[in-house]
file upload_35.cif (mmCIF, C-alpha atoms and all ligand atoms)
data_data
loop_
_atom_site.group_PDB
_atom_site.id
_atom_site.type_symbol
_atom_site.label_atom_id
_atom_site.label_comp_id
_atom_site.auth_asym_id
_atom_site.auth_seq_id
_atom_site.Cartn_x
_atom_site.Cartn_y
_atom_site.Cartn_z
ATOM 1 C CA MET A 640 6.316 -5.281 79.886
ATOM 2 C CA LEU A 641 2.933 -6.564 78.672
ATOM 3 C CA LYS A 642 2.543 -9.634 80.886
ATOM 4 C CA ALA A 643 -1.101 -9.918 82.047
ATOM 5 C CA ARG A 644 -2.241 -7.940 78.979
ATOM 6 C CA SER A 645 -4.155 -9.478 76.103
ATOM 7 C CA ALA A 646 -4.296 -8.236 72.530
ATOM 8 C CA ILE A 647 -6.514 -8.645 69.483
ATOM 9 C CA VAL A 648 -4.653 -8.079 66.226
ATOM 10 C CA THR A 649 -7.002 -8.172 63.228
ATOM 11 C CA GLY A 650 -5.541 -9.498 59.990
ATOM 12 C CA SER A 651 -2.637 -11.134 61.794
ATOM 13 C CA THR A 652 -2.247 -14.288 59.702
ATOM 14 C CA SER A 653 0.432 -12.554 57.607
ATOM 15 C CA GLY A 654 2.421 -9.395 56.994
ATOM 16 C CA ILE A 655 2.280 -6.393 59.303
ATOM 17 C CA GLY A 656 -0.382 -7.876 61.599
ATOM 18 C CA LEU A 657 1.672 -10.989 62.290
ATOM 19 C CA GLY A 658 4.779 -8.825 62.853
ATOM 20 C CA ILE A 659 2.940 -6.682 65.412
ATOM 21 C CA ALA A 660 1.414 -9.750 67.095
ATOM 22 C CA LYS A 661 4.925 -11.224 67.478
ATOM 23 C CA ALA A 662 6.296 -7.967 68.922
ATOM 24 C CA LEU A 663 3.480 -7.773 71.507
ATOM 25 C CA ALA A 664 3.882 -11.477 72.336
ATOM 26 C CA ALA A 665 7.628 -10.966 72.846
ATOM 27 C CA GLN A 666 6.658 -8.476 75.598
ATOM 28 C CA GLY A 667 4.424 -11.105 77.236
ATOM 29 C CA ALA A 668 0.947 -10.273 75.890
ATOM 30 C CA SER A 669 -1.565 -13.040 75.147
ATOM 31 C CA ILE A 670 -2.641 -12.873 71.515
ATOM 32 C CA MET A 671 -5.921 -13.409 69.678
ATOM 33 C CA LEU A 672 -5.026 -13.882 66.031
ATOM 34 C CA ASN A 673 -7.494 -13.154 63.245
ATOM 35 C CA GLY A 674 -7.470 -13.160 59.472
ATOM 36 C CA LEU A 675 -7.887 -15.293 56.394
ATOM 37 C CA GLY A 676 -5.709 -18.248 55.466
ATOM 38 C CA ASP A 677 -5.595 -21.998 54.976
ATOM 39 C CA ALA A 678 -5.066 -24.443 57.844
ATOM 40 C CA GLN A 679 -1.300 -24.531 57.281
ATOM 41 C CA GLN A 680 -0.967 -20.720 57.394
ATOM 42 C CA LEU A 681 -3.115 -20.467 60.539
ATOM 43 C CA ALA A 682 -1.106 -23.221 62.276
ATOM 44 C CA ALA A 683 2.181 -21.482 61.336
ATOM 45 C CA ALA A 684 0.953 -18.134 62.703
ATOM 46 C CA LYS A 685 -0.221 -19.745 65.954
ATOM 47 C CA LYS A 686 3.089 -21.581 66.352
ATOM 48 C CA ALA A 687 5.099 -18.389 65.755
ATOM 49 C CA ILE A 688 3.283 -16.787 68.701
ATOM 50 C CA ALA A 689 3.218 -19.867 70.953
ATOM 51 C CA ASP A 690 7.007 -20.206 70.476
ATOM 52 C CA LEU A 691 7.341 -16.855 72.267
ATOM 53 C CA GLY A 692 5.893 -18.466 75.403
ATOM 54 C CA VAL A 693 2.513 -16.728 75.574
ATOM 55 C CA ALA A 694 -1.096 -17.891 75.273
ATOM 56 C CA VAL A 695 -2.477 -17.667 71.745
ATOM 57 C CA ASP A 696 -5.803 -18.360 70.061
ATOM 58 C CA TYR A 697 -7.398 -17.679 66.693
ATOM 59 C CA HIS A 698 -10.804 -16.272 65.761
ATOM 60 C CA GLY A 699 -11.874 -16.320 62.107
ATOM 61 C CA ALA A 700 -14.165 -13.255 62.116
ATOM 62 C CA ASP A 701 -14.687 -11.832 58.645
ATOM 63 C CA MET A 702 -14.019 -8.093 58.957
ATOM 64 C CA THR A 703 -16.925 -7.317 56.620
ATOM 65 C CA LYS A 704 -19.402 -8.862 59.108
ATOM 66 C CA PRO A 705 -20.341 -6.733 62.163
ATOM 67 C CA ARG A 706 -21.808 -9.641 64.169
ATOM 68 C CA GLU A 707 -18.655 -11.733 63.653
ATOM 69 C CA ILE A 708 -16.530 -8.769 64.778
ATOM 70 C CA GLU A 709 -18.635 -8.422 67.934
ATOM 71 C CA ASP A 710 -18.070 -12.119 68.586
ATOM 72 C CA LEU A 711 -14.289 -11.710 68.102
ATOM 73 C CA VAL A 712 -14.187 -9.165 70.942
ATOM 74 C CA ALA A 713 -16.497 -11.204 73.205
ATOM 75 C CA ALA A 714 -14.578 -14.432 72.555
ATOM 76 C CA THR A 715 -11.249 -12.736 73.369
ATOM 77 C CA ALA A 716 -12.597 -11.372 76.659
ATOM 78 C CA LYS A 717 -13.888 -14.836 77.528
ATOM 79 C CA ARG A 718 -10.653 -16.601 76.545
ATOM 80 C CA PHE A 719 -8.164 -14.209 78.212
ATOM 81 C CA GLY A 720 -10.324 -12.359 80.767
ATOM 82 C CA SER A 721 -9.816 -8.953 79.117
ATOM 83 C CA VAL A 722 -9.150 -7.056 75.900
ATOM 84 C CA ASP A 723 -6.357 -4.616 76.753
ATOM 85 C CA ILE A 724 -4.811 -3.945 73.349
ATOM 86 C CA LEU A 725 -6.673 -3.690 70.054
ATOM 87 C CA VAL A 726 -4.709 -3.456 66.825
ATOM 88 C CA ASN A 727 -6.962 -2.726 63.847
ATOM 89 C CA ASN A 728 -4.793 -3.961 61.024
ATOM 90 C CA ALA A 729 -6.856 -6.057 58.565
ATOM 91 C CA GLY A 730 -6.820 -4.468 55.149
ATOM 92 C CA ILE A 731 -7.072 -5.007 51.415
ATOM 93 C CA GLN A 732 -6.152 -2.938 48.365
ATOM 94 C CA HIS A 733 -7.684 -2.464 44.936
ATOM 95 C CA VAL A 734 -6.014 -0.374 42.239
ATOM 96 C CA ALA A 735 -8.124 1.082 39.398
ATOM 97 C CA PRO A 736 -9.147 4.482 38.020
ATOM 98 C CA ILE A 737 -12.383 5.643 39.673
ATOM 99 C CA GLU A 738 -14.466 5.360 36.480
ATOM 100 C CA LYS A 739 -13.582 1.664 36.348
ATOM 101 C CA PHE A 740 -13.559 0.964 40.100
ATOM 102 C CA PRO A 741 -15.989 -1.935 40.764
ATOM 103 C CA ASP A 742 -18.753 -1.025 43.281
ATOM 104 C CA GLU A 743 -18.188 -4.290 45.127
ATOM 105 C CA ARG A 744 -14.427 -3.564 45.578
ATOM 106 C CA TRP A 745 -15.191 -0.041 46.906
ATOM 107 C CA ASP A 746 -17.591 -1.533 49.480
ATOM 108 C CA ALA A 747 -15.108 -4.249 50.501
ATOM 109 C CA VAL A 748 -12.170 -1.825 50.930
ATOM 110 C CA ILE A 749 -14.274 0.568 53.046
ATOM 111 C CA ALA A 750 -15.748 -2.290 55.103
ATOM 112 C CA ILE A 751 -12.445 -4.031 55.900
ATOM 113 C CA ASN A 752 -10.087 -1.012 56.081
ATOM 114 C CA LEU A 753 -12.423 1.410 57.906
ATOM 115 C CA THR A 754 -15.821 0.206 59.141
ATOM 116 C CA SER A 755 -14.426 -2.912 60.859
ATOM 117 C CA SER A 756 -12.448 -0.615 63.198
ATOM 118 C CA PHE A 757 -15.630 1.222 64.197
ATOM 119 C CA HIS A 758 -17.096 -2.134 65.258
ATOM 120 C CA THR A 759 -14.017 -3.461 67.085
ATOM 121 C CA ILE A 760 -13.557 -0.176 68.978
ATOM 122 C CA LYS A 761 -17.263 0.084 69.839
ATOM 123 C CA HIS A 762 -17.197 -3.342 71.488
ATOM 124 C CA ALA A 763 -13.703 -3.331 73.017
ATOM 125 C CA LEU A 764 -13.736 0.171 74.520
ATOM 126 C CA PRO A 765 -16.211 -0.558 77.370
ATOM 127 C CA LEU A 766 -14.014 -3.517 78.434
ATOM 128 C CA MET A 767 -10.885 -1.335 78.433
ATOM 129 C CA LYS A 768 -12.585 1.497 80.324
ATOM 130 C CA ALA A 769 -13.799 -0.950 82.995
ATOM 131 C CA ARG A 770 -10.163 -1.937 83.636
ATOM 132 C CA ARG A 771 -8.928 1.685 83.315
ATOM 133 C CA TRP A 772 -6.259 0.774 80.783
ATOM 134 C CA GLY A 773 -6.268 0.196 77.064
ATOM 135 C CA ARG A 774 -4.347 0.792 73.859
ATOM 136 C CA ILE A 775 -6.096 1.096 70.498
ATOM 137 C CA ILE A 776 -3.713 1.147 67.541
ATOM 138 C CA ASN A 777 -5.131 1.671 64.058
ATOM 139 C CA ILE A 778 -2.912 0.706 61.146
ATOM 140 C CA ALA A 779 -3.536 3.517 58.685
ATOM 141 C CA SER A 780 -0.952 4.312 55.994
ATOM 142 C CA ALA A 781 0.982 7.128 54.374
ATOM 143 C CA HIS A 782 -2.211 7.057 52.296
ATOM 144 C CA GLY A 783 -4.041 8.254 55.420
ATOM 145 C CA LEU A 784 -2.202 11.576 54.984
ATOM 146 C CA VAL A 785 -1.522 11.909 51.251
ATOM 147 C CA ALA A 786 -3.053 10.361 48.137
ATOM 148 C CA SER A 787 -1.991 8.372 45.105
ATOM 149 C CA ALA A 788 -3.939 8.002 41.860
ATOM 150 C CA GLU A 789 -6.057 4.881 41.268
ATOM 151 C CA LYS A 790 -6.441 4.102 44.982
ATOM 152 C CA SER A 791 -9.635 6.074 45.712
ATOM 153 C CA ALA A 792 -11.219 3.554 48.091
ATOM 154 C CA TYR A 793 -7.987 2.837 49.973
ATOM 155 C CA VAL A 794 -7.089 6.536 50.353
ATOM 156 C CA ALA A 795 -10.648 7.359 51.471
ATOM 157 C CA ALA A 796 -10.608 4.519 54.019
ATOM 158 C CA LYS A 797 -7.146 5.421 55.354
ATOM 159 C CA HIS A 798 -7.964 9.142 55.654
ATOM 160 C CA GLY A 799 -11.137 7.975 57.408
ATOM 161 C CA ILE A 800 -9.252 5.881 59.939
ATOM 162 C CA VAL A 801 -6.992 8.841 60.771
ATOM 163 C CA GLY A 802 -10.153 10.863 61.535
ATOM 164 C CA LEU A 803 -11.711 8.022 63.525
ATOM 165 C CA THR A 804 -8.487 7.781 65.552
ATOM 166 C CA LYS A 805 -8.644 11.469 66.533
ATOM 167 C CA SER A 806 -12.303 11.292 67.484
ATOM 168 C CA VAL A 807 -11.851 8.223 69.687
ATOM 169 C CA ALA A 808 -8.724 9.798 71.247
ATOM 170 C CA LEU A 809 -10.793 12.819 72.309
ATOM 171 C CA GLU A 810 -13.592 10.641 73.685
ATOM 172 C CA THR A 811 -11.055 8.690 75.776
ATOM 173 C CA ALA A 812 -8.741 11.598 76.721
ATOM 174 C CA ASN A 813 -9.616 11.400 80.421
ATOM 175 C CA THR A 814 -9.344 7.635 80.662
ATOM 176 C CA GLY A 815 -6.486 5.152 80.749
ATOM 177 C CA VAL A 816 -7.273 4.218 77.154
ATOM 178 C CA THR A 817 -5.328 5.762 74.252
ATOM 179 C CA CYS A 818 -6.088 5.624 70.541
ATOM 180 C CA ASN A 819 -3.449 6.289 67.882
ATOM 181 C CA ALA A 820 -2.737 5.489 64.261
ATOM 182 C CA ILE A 821 0.429 4.164 62.665
ATOM 183 C CA CYS A 822 1.052 5.287 59.079
ATOM 184 C CA PRO A 823 3.534 2.958 57.365
ATOM 185 C CA GLY A 824 5.153 3.620 54.022
ATOM 186 C CA TRP A 825 5.846 0.646 51.731
ATOM 187 C CA VAL A 826 6.147 -2.688 53.547
ATOM 188 C CA LEU A 827 7.023 -5.786 51.521
ATOM 189 C CA THR A 828 3.940 -7.956 52.188
ATOM 190 C CA ALA A 829 1.461 -9.953 50.072
ATOM 191 C CA LEU A 830 -0.636 -6.789 49.651
ATOM 192 C CA VAL A 831 2.295 -4.945 48.046
ATOM 193 C CA GLN A 832 3.774 -7.910 46.146
ATOM 194 C CA LYS A 833 0.593 -7.942 44.022
ATOM 195 C CA GLN A 834 1.295 -4.324 43.033
ATOM 196 C CA ILE A 835 4.959 -5.154 42.306
ATOM 197 C CA ASP A 836 3.863 -8.072 40.083
ATOM 198 C CA ALA A 837 1.466 -5.784 38.156
ATOM 199 C CA ARG A 838 4.169 -3.150 37.757
ATOM 200 C CA ALA A 839 6.795 -5.683 36.581
ATOM 201 C CA ALA A 840 4.364 -7.085 33.999
ATOM 202 C CA ALA A 841 3.309 -3.619 32.724
ATOM 203 C CA ALA A 842 6.854 -2.196 32.482
ATOM 204 C CA GLY A 843 8.659 -5.391 31.440
ATOM 205 C CA GLN A 844 10.781 -5.204 34.612
ATOM 206 C CA THR A 845 12.265 -7.959 36.756
ATOM 207 C CA ASP A 846 10.864 -8.391 40.279
ATOM 208 C CA ALA A 847 13.962 -6.665 41.737
ATOM 209 C CA GLN A 848 13.681 -3.709 39.317
ATOM 210 C CA ALA A 849 9.961 -3.293 40.017
ATOM 211 C CA LYS A 850 10.585 -3.387 43.795
ATOM 212 C CA ILE A 851 13.195 -0.636 43.771
ATOM 213 C CA ALA A 852 11.145 1.475 41.310
ATOM 214 C CA LEU A 853 8.031 1.194 43.488
ATOM 215 C CA VAL A 854 9.713 2.103 46.766
ATOM 216 C CA SER A 855 11.919 4.872 45.285
ATOM 217 C CA GLU A 856 8.982 6.618 43.587
ATOM 218 C CA LYS A 857 7.511 7.516 47.008
ATOM 219 C CA GLN A 858 10.220 7.121 49.653
ATOM 220 C CA PRO A 859 13.381 9.275 49.738
ATOM 221 C CA ASP A 860 15.156 6.514 51.705
ATOM 222 C CA HIS A 861 14.486 3.923 48.920
ATOM 223 C CA GLU A 862 13.941 1.320 51.628
ATOM 224 C CA PHE A 863 10.982 -0.835 52.679
ATOM 225 C CA THR A 864 9.665 -0.454 56.242
ATOM 226 C CA THR A 865 9.425 -3.884 57.930
ATOM 227 C CA PRO A 866 6.753 -5.543 60.100
ATOM 228 C CA GLU A 867 9.434 -5.650 62.835
ATOM 229 C CA ASP A 868 9.910 -1.847 62.663
ATOM 230 C CA LEU A 869 6.160 -1.403 63.008
ATOM 231 C CA GLY A 870 6.013 -3.935 65.850
ATOM 232 C CA ALA A 871 8.580 -1.876 67.776
ATOM 233 C CA LEU A 872 6.425 1.249 67.357
ATOM 234 C CA ALA A 873 3.308 -0.621 68.525
ATOM 235 C CA VAL A 874 5.196 -1.784 71.636
ATOM 236 C CA PHE A 875 6.187 1.828 72.359
ATOM 237 C CA LEU A 876 2.548 2.947 72.097
ATOM 238 C CA CYS A 877 1.680 0.238 74.661
ATOM 239 C CA SER A 878 4.384 1.457 77.068
ATOM 240 C CA GLU A 879 3.944 3.735 80.090
ATOM 241 C CA ALA A 880 5.228 6.749 78.097
ATOM 242 C CA GLY A 881 2.609 5.908 75.479
ATOM 243 C CA ARG A 882 -0.138 7.093 77.857
ATOM 244 C CA VAL A 883 0.417 10.712 76.752
ATOM 245 C CA VAL A 884 0.354 9.935 73.033
ATOM 246 C CA ARG A 885 -3.274 10.494 72.024
ATOM 247 C CA GLY A 886 -4.823 10.917 68.590
ATOM 248 C CA ALA A 887 -1.455 10.840 66.832
ATOM 249 C CA SER A 888 -0.848 9.599 63.302
ATOM 250 C CA TYR A 889 2.656 8.251 63.672
ATOM 251 C CA VAL A 890 4.470 8.022 60.326
ATOM 252 C CA MET A 891 7.073 5.323 59.685
ATOM 253 C CA ASP A 892 7.475 5.940 55.982
ATOM 254 C CA GLY A 893 11.115 6.701 55.120
ATOM 255 C CA GLY A 894 10.284 10.365 54.469
ATOM 256 C CA TRP A 895 7.365 9.761 52.049
ATOM 257 C CA THR A 896 5.010 12.318 53.651
ATOM 258 C CA ALA A 897 7.758 14.829 54.551
ATOM 259 C CA GLN A 898 7.992 15.911 50.908
HETATM 260 P P1 LIG B 1 -1.394 -8.631 54.111
HETATM 261 O O1 LIG B 1 -2.211 -8.931 52.882
HETATM 262 O O2 LIG B 1 -0.154 -9.402 54.367
HETATM 263 O O3 LIG B 1 -2.298 -8.735 55.420
HETATM 264 C C1 LIG B 1 -3.642 -8.387 55.437
HETATM 265 C C2 LIG B 1 -4.318 -9.160 56.551
HETATM 266 O O4 LIG B 1 -5.718 -8.818 56.545
HETATM 267 C C3 LIG B 1 -4.235 -10.679 56.338
HETATM 268 O O5 LIG B 1 -4.072 -11.337 57.575
HETATM 269 C C4 LIG B 1 -5.606 -11.011 55.746
HETATM 270 O O6 LIG B 1 -6.009 -12.348 55.980
HETATM 271 C C5 LIG B 1 -6.469 -10.035 56.520
HETATM 272 N N1 LIG B 1 -7.788 -9.832 55.918
HETATM 273 C C6 LIG B 1 -8.079 -9.461 54.641
HETATM 274 N N2 LIG B 1 -9.425 -9.475 54.462
HETATM 275 C C7 LIG B 1 -9.970 -9.844 55.662
HETATM 276 C C8 LIG B 1 -11.306 -10.041 56.118
HETATM 277 N N3 LIG B 1 -12.362 -9.855 55.323
HETATM 278 N N4 LIG B 1 -11.500 -10.431 57.405
HETATM 279 C C9 LIG B 1 -10.444 -10.636 58.229
HETATM 280 N N5 LIG B 1 -9.152 -10.466 57.848
HETATM 281 C C10 LIG B 1 -8.934 -10.075 56.581
HETATM 282 O O7 LIG B 1 -1.106 -7.067 54.006
HETATM 283 P P2 LIG B 1 -0.295 -6.043 54.936
HETATM 284 O O8 LIG B 1 0.522 -5.239 54.021
HETATM 285 O O9 LIG B 1 0.342 -6.742 56.078
HETATM 286 O O10 LIG B 1 -1.483 -5.103 55.429
HETATM 287 C C11 LIG B 1 -1.837 -4.941 56.792
HETATM 288 C C12 LIG B 1 -2.342 -3.524 57.021
HETATM 289 O O11 LIG B 1 -1.284 -2.599 56.809
HETATM 290 C C13 LIG B 1 -3.474 -3.099 56.083
HETATM 291 O O12 LIG B 1 -4.425 -2.332 56.788
HETATM 292 C C14 LIG B 1 -2.751 -2.241 55.065
HETATM 293 O O13 LIG B 1 -3.603 -1.297 54.467
HETATM 294 C C15 LIG B 1 -1.718 -1.577 55.945
HETATM 295 N N6 LIG B 1 -0.581 -1.005 55.238
HETATM 296 C C16 LIG B 1 0.218 -1.779 54.460
HETATM 297 C C17 LIG B 1 1.286 -1.194 53.809
HETATM 298 C C18 LIG B 1 2.228 -1.986 52.947
HETATM 299 O O14 LIG B 1 3.039 -1.363 52.260
HETATM 300 N N7 LIG B 1 2.186 -3.296 52.960
HETATM 301 C C19 LIG B 1 1.535 0.176 53.947
HETATM 302 C C20 LIG B 1 0.694 0.933 54.759
HETATM 303 C C21 LIG B 1 -0.360 0.329 55.397
#
call {"tool": "encode", "arguments": {"input": "upload_35.cif", "output": "structure tokens"}}
result
Amino acid sequence: MLKARSAIVTGSTSGIGLGIAKALAAQGASIMLNGLGDAQQLAAAKKAIADLGVAVDYHGADMTKPREIEDLVAATAKRFGSVDILVNNAGIQHVAPIEKFPDERWDAVIAINLTSSFHTIKHALPLMKARRWGRIINIASAHGLVASAEKSAYVAAKHGIVGLTKSVALETANTGVTCNAICPGWVLTALVQKQIDARAAAAGQTDAQAKIALVSEKQPDHEFTTPEDLGALAVFLCSEAGRVVRGASYVMDGGWTAQ
């Protein structure tokens, strides 16, 4: 379905980003990977995509650096001839009460989880408009719609990306480019394992106990969403029917935000 399309997936060296990159590659899209990681992790991510029979490359842009982000978009256009799909996924978390929240962590969360998407969209959109087709998918969160304590920067950034999504969707409403957000609930990735470790240590729980406590506290289904589930939703947004989905914040959260 996506043969002859090329995709940038930011933060795709692990977790949700890698899952979405694999799902797009399985539909035939060429993939520009991005994210942090050692040589072994980068090679494994590239191999996972190459094994699906599509072209793959990697760009190491740091999502806190606007000039590097601009180069990521330009390098992808040069490598594959176009940027058709942009998945803004790179993200970090920091958990602390606001009085103790380090200034530097606030700036980093806002830069990576929100401002980087402004820069990628700004540079990729003209390329998409020129080809009269494009799909921008912003990975927000249930925290783009509701809040939790001690996650002020993350909740602010994720609410921000939901707003950015709507604004870009309106600006592109009469073009072949769509912009939507995906709002996952808990997904068992490195970002969440850190929170499970902290919870297990604080409550004297085993890893398994901390996992079920964490997911059950928010999600009525008591089940983690997977990168594969989210990949399937991203593929749908890239489909023909996806052309009429504009400015949506699509939840995949096991009922978290229905409460
Ligand atoms: P993860 O830690 O596995 O992946 C994060 C990715 O971002 C990695 O590839 C990492 O290298 C990259 N990254 C971090 N800092 C970067 C930087 N400065 N420059 C470039 N890349 C950088 O975590 P994940 O859970 O897969 O998170 C992916 C996205 O999904 C994030 O935006 C996160 O907020 C969102 N999300 C996660 C969950 C969850 O439960 N895991 C839920 C909702 C939303």
call {"tool": "closest_atom_pairs", "arguments": {"input": "upload_35.cif", "of": "chain A", "to": "ligand LIG 1 (chain B)", "cutoff": "8 Å", "atoms": "all atoms listed in the file", "output": "CSV"}}
result
residue,atom,partner,partner_atom,distance
A:Thr649,CA,B:LIG1,N5,6.2
A:Gly650,CA,B:LIG1,O5,3.4
A:Ser651,CA,B:LIG1,O5,4.5
A:Thr652,CA,B:LIG1,O5,4.1
A:Ser653,CA,B:LIG1,O2,4.6
A:Gly654,CA,B:LIG1,O9,3.5
A:Ile655,CA,B:LIG1,O9,3.8
A:Gly656,CA,B:LIG1,O9,5.7
A:Leu657,CA,B:LIG1,O5,7.4
A:Asn673,CA,B:LIG1,N5,6.3
A:Gly674,CA,B:LIG1,N5,3.6
A:Leu675,CA,B:LIG1,O6,3.5
A:Gly676,CA,B:LIG1,O6,5.9
A:Gly699,CA,B:LIG1,C9,7.0
A:Ala700,CA,B:LIG1,C9,6.0
A:Asp701,CA,B:LIG1,N4,3.7
A:Met702,CA,B:LIG1,N4,3.8
A:Thr703,CA,B:LIG1,N3,5.4
A:Asn727,CA,B:LIG1,O12,7.5
A:Asn728,CA,B:LIG1,O12,4.6
A:Ala729,CA,B:LIG1,O4,3.6
A:Gly730,CA,B:LIG1,O12,3.6
A:Ile731,CA,B:LIG1,C6,5.6
A:Gln732,CA,B:LIG1,O13,6.8
A:Ala747,CA,B:LIG1,N3,7.9
A:Ile751,CA,B:LIG1,N3,5.9
A:Asn752,CA,B:LIG1,O12,5.9
A:Ile778,CA,B:LIG1,O12,5.5
A:Ala779,CA,B:LIG1,C21,5.6
A:Ser780,CA,B:LIG1,C20,4.0
A:Ala781,CA,B:LIG1,C20,6.2
A:His782,CA,B:LIG1,C20,7.2
A:Tyr793,CA,B:LIG1,O13,7.5
A:Lys797,CA,B:LIG1,O13,7.6
A:Cys822,CA,B:LIG1,C20,6.1
A:Pro823,CA,B:LIG1,C20,4.4
A:Gly824,CA,B:LIG1,C19,5.0
A:Trp825,CA,B:LIG1,O14,3.5
A:Val826,CA,B:LIG1,O14,3.6
A:Leu827,CA,B:LIG1,N7,5.6
A:Thr828,CA,B:LIG1,O8,4.7
A:Ala829,CA,B:LIG1,O2,4.6
A:Leu830,CA,B:LIG1,O1,4.2
A:Val831,CA,B:LIG1,N7,5.2
A:Phe863,CA,B:LIG1,O14,8.0
A:Thr864,CA,B:LIG1,O14,7.8
A:Pro866,CA,B:LIG1,O9,7.7
call {"tool": "resolve_selection", "arguments": {"input": "upload_35.cif", "expression": "the PyMOL selection byres (((chain A and resi 806-808) around 8) and not hetatm)", "output": "PyMOL selection string"}}
result
chain A and resi 802-805+809-812+817-819+885-886
call {"tool": "resolve_selection", "arguments": {"input": "upload_35.cif", "expression": "the PyMOL selection byres (((chain A and resi 854) around 12) and not hetatm)", "output": "ChimeraX atom specification"}}
result
/A:824-827,831-832,834-835,838,847-853,855-864,892-895
call {"tool": "atom_distance", "arguments": {"input": "upload_35.cif", "atom1": "CA of Ser669 in chain A", "atom2": "CA of Met891 in chain A"}}
result
25.5 Å
call {"tool": "residues_around", "arguments": {"input": "upload_35.cif", "residues": "Glu879 in chain A", "least_positions_apart": "5", "cutoff": "12 Å", "atoms": "all atoms listed in the file", "output": "JSON, numbers by chain"}}
result
{"A": [640, 641, 772, 773, 774, 815, 816, 817, 874, 884]}
call {"tool": "write_last_selection", "arguments": {"input": "upload_35.cif", "atoms": "C-alpha atoms", "output": "short mmCIF file (atom, residue, chain, number, x, y, z; two decimals), keeping the file's coordinate frame"}}
result
data_model
loop_
_atom_site.label_atom_id
_atom_site.label_comp_id
_atom_site.auth_asym_id
_atom_site.auth_seq_id
_atom_site.Cartn_x
_atom_site.Cartn_y
_atom_site.Cartn_z
CA MET A 640 6.32 -5.28 79.89
CA LEU A 641 2.93 -6.56 78.67
CA TRP A 772 -6.26 0.77 80.78
CA GLY A 773 -6.27 0.20 77.06
CA ARG A 774 -4.35 0.79 73.86
CA GLY A 815 -6.49 5.15 80.75
CA VAL A 816 -7.27 4.22 77.15
CA THR A 817 -5.33 5.76 74.25
CA VAL A 874 5.20 -1.78 71.64
CA VAL A 884 0.35 9.94 73.03
#
call {"tool": "resolve_selection", "arguments": {"input": "upload_35.cif", "expression": "the PyMOL selection byres (((chain A and resi 789) around 6) and not hetatm)", "output": "PyMOL selection string"}}
result
chain A and resi 734-736+788+790-791
call {"tool": "write_last_selection", "arguments": {"input": "upload_35.cif", "atoms": "C-alpha atoms", "output": "short mmCIF file (atom, residue, chain, number, x, y, z; two decimals), in the coordinates of the input"}}
result
data_model
loop_
_atom_site.label_atom_id
_atom_site.label_comp_id
_atom_site.auth_asym_id
_atom_site.auth_seq_id
_atom_site.Cartn_x
_atom_site.Cartn_y
_atom_site.Cartn_z
CA VAL A 734 -6.01 -0.37 42.24
CA ALA A 735 -8.12 1.08 39.40
CA PRO A 736 -9.15 4.48 38.02
CA ALA A 788 -3.94 8.00 41.86
CA LYS A 790 -6.44 4.10 44.98
CA SER A 791 -9.64 6.07 45.71
#
call {"tool": "atom_distance", "arguments": {"input": "upload_35.cif", "atom1": "CA of Ala687 in chain A", "atom2": "CA of Ala664 in chain A"}}
result
9.6 Å
call {"tool": "atom_distance", "arguments": {"input": "upload_35.cif", "atom1": "CA of Gly870 in chain A", "atom2": "CA of Leu691 in chain A"}}
result
14.5 Å
call {"tool": "closest_residue", "arguments": {"input": "upload_35.cif", "among": "A:Lys661, A:Arg771, A:His733, A:Arg744", "to": "Ala837 in chain A", "atoms": "all atoms listed in the file"}}
result
A:His733
call {"tool": "decode", "arguments": {"input": "upload_35.cif", "residues": "range 680-699 of chain A", "atoms": "C-alpha atoms", "output": "PDB file, in the first residue's frame"}}
result
ATOM      1  CA  GLN A 680      21.204  -0.825  18.628  1.00  0.00           C
ATOM      2  CA  LEU A 681      21.310   1.260  15.432  1.00  0.00           C
ATOM      3  CA  ALA A 682      22.477  -1.744  13.371  1.00  0.00           C
ATOM      4  CA  ALA A 683      19.686  -3.912  14.861  1.00  0.00           C
ATOM      5  CA  ALA A 684      17.034  -1.286  14.049  1.00  0.00           C
ATOM      6  CA  LYS A 685      18.315  -0.908  10.478  1.00  0.00           C
ATOM      7  CA  LYS A 686      18.369  -4.682   9.996  1.00  0.00           C
ATOM      8  CA  ALA A 687      14.807  -5.050  11.324  1.00  0.00           C
ATOM      9  CA  ILE A 688      13.627  -2.659   8.598  1.00  0.00           C
ATOM     10  CA  ALA A 689      15.897  -3.949   5.815  1.00  0.00           C
ATOM     11  CA  ASP A 690      14.606  -7.492   6.504  1.00  0.00           C
ATOM     12  CA  LEU A 691      11.173  -6.253   5.396  1.00  0.00           C
ATOM     13  CA  GLY A 692      12.599  -5.633   1.916  1.00  0.00           C
ATOM     14  CA  VAL A 693      12.548  -1.830   1.817  1.00  0.00           C
ATOM     15  CA  ALA A 694      15.226   0.864   1.626  1.00  0.00           C
ATOM     16  CA  VAL A 695      16.347   2.139   5.020  1.00  0.00           C
ATOM     17  CA  ASP A 696      18.765   4.768   6.292  1.00  0.00           C
ATOM     18  CA  TYR A 697      19.551   6.442   9.598  1.00  0.00           C
ATOM     19  CA  HIS A 698      20.020  10.100  10.517  1.00  0.00           C
ATOM     20  CA  GLY A 699      21.265  10.973  14.007  1.00  0.00           C
TER      21      GLY A 699
END
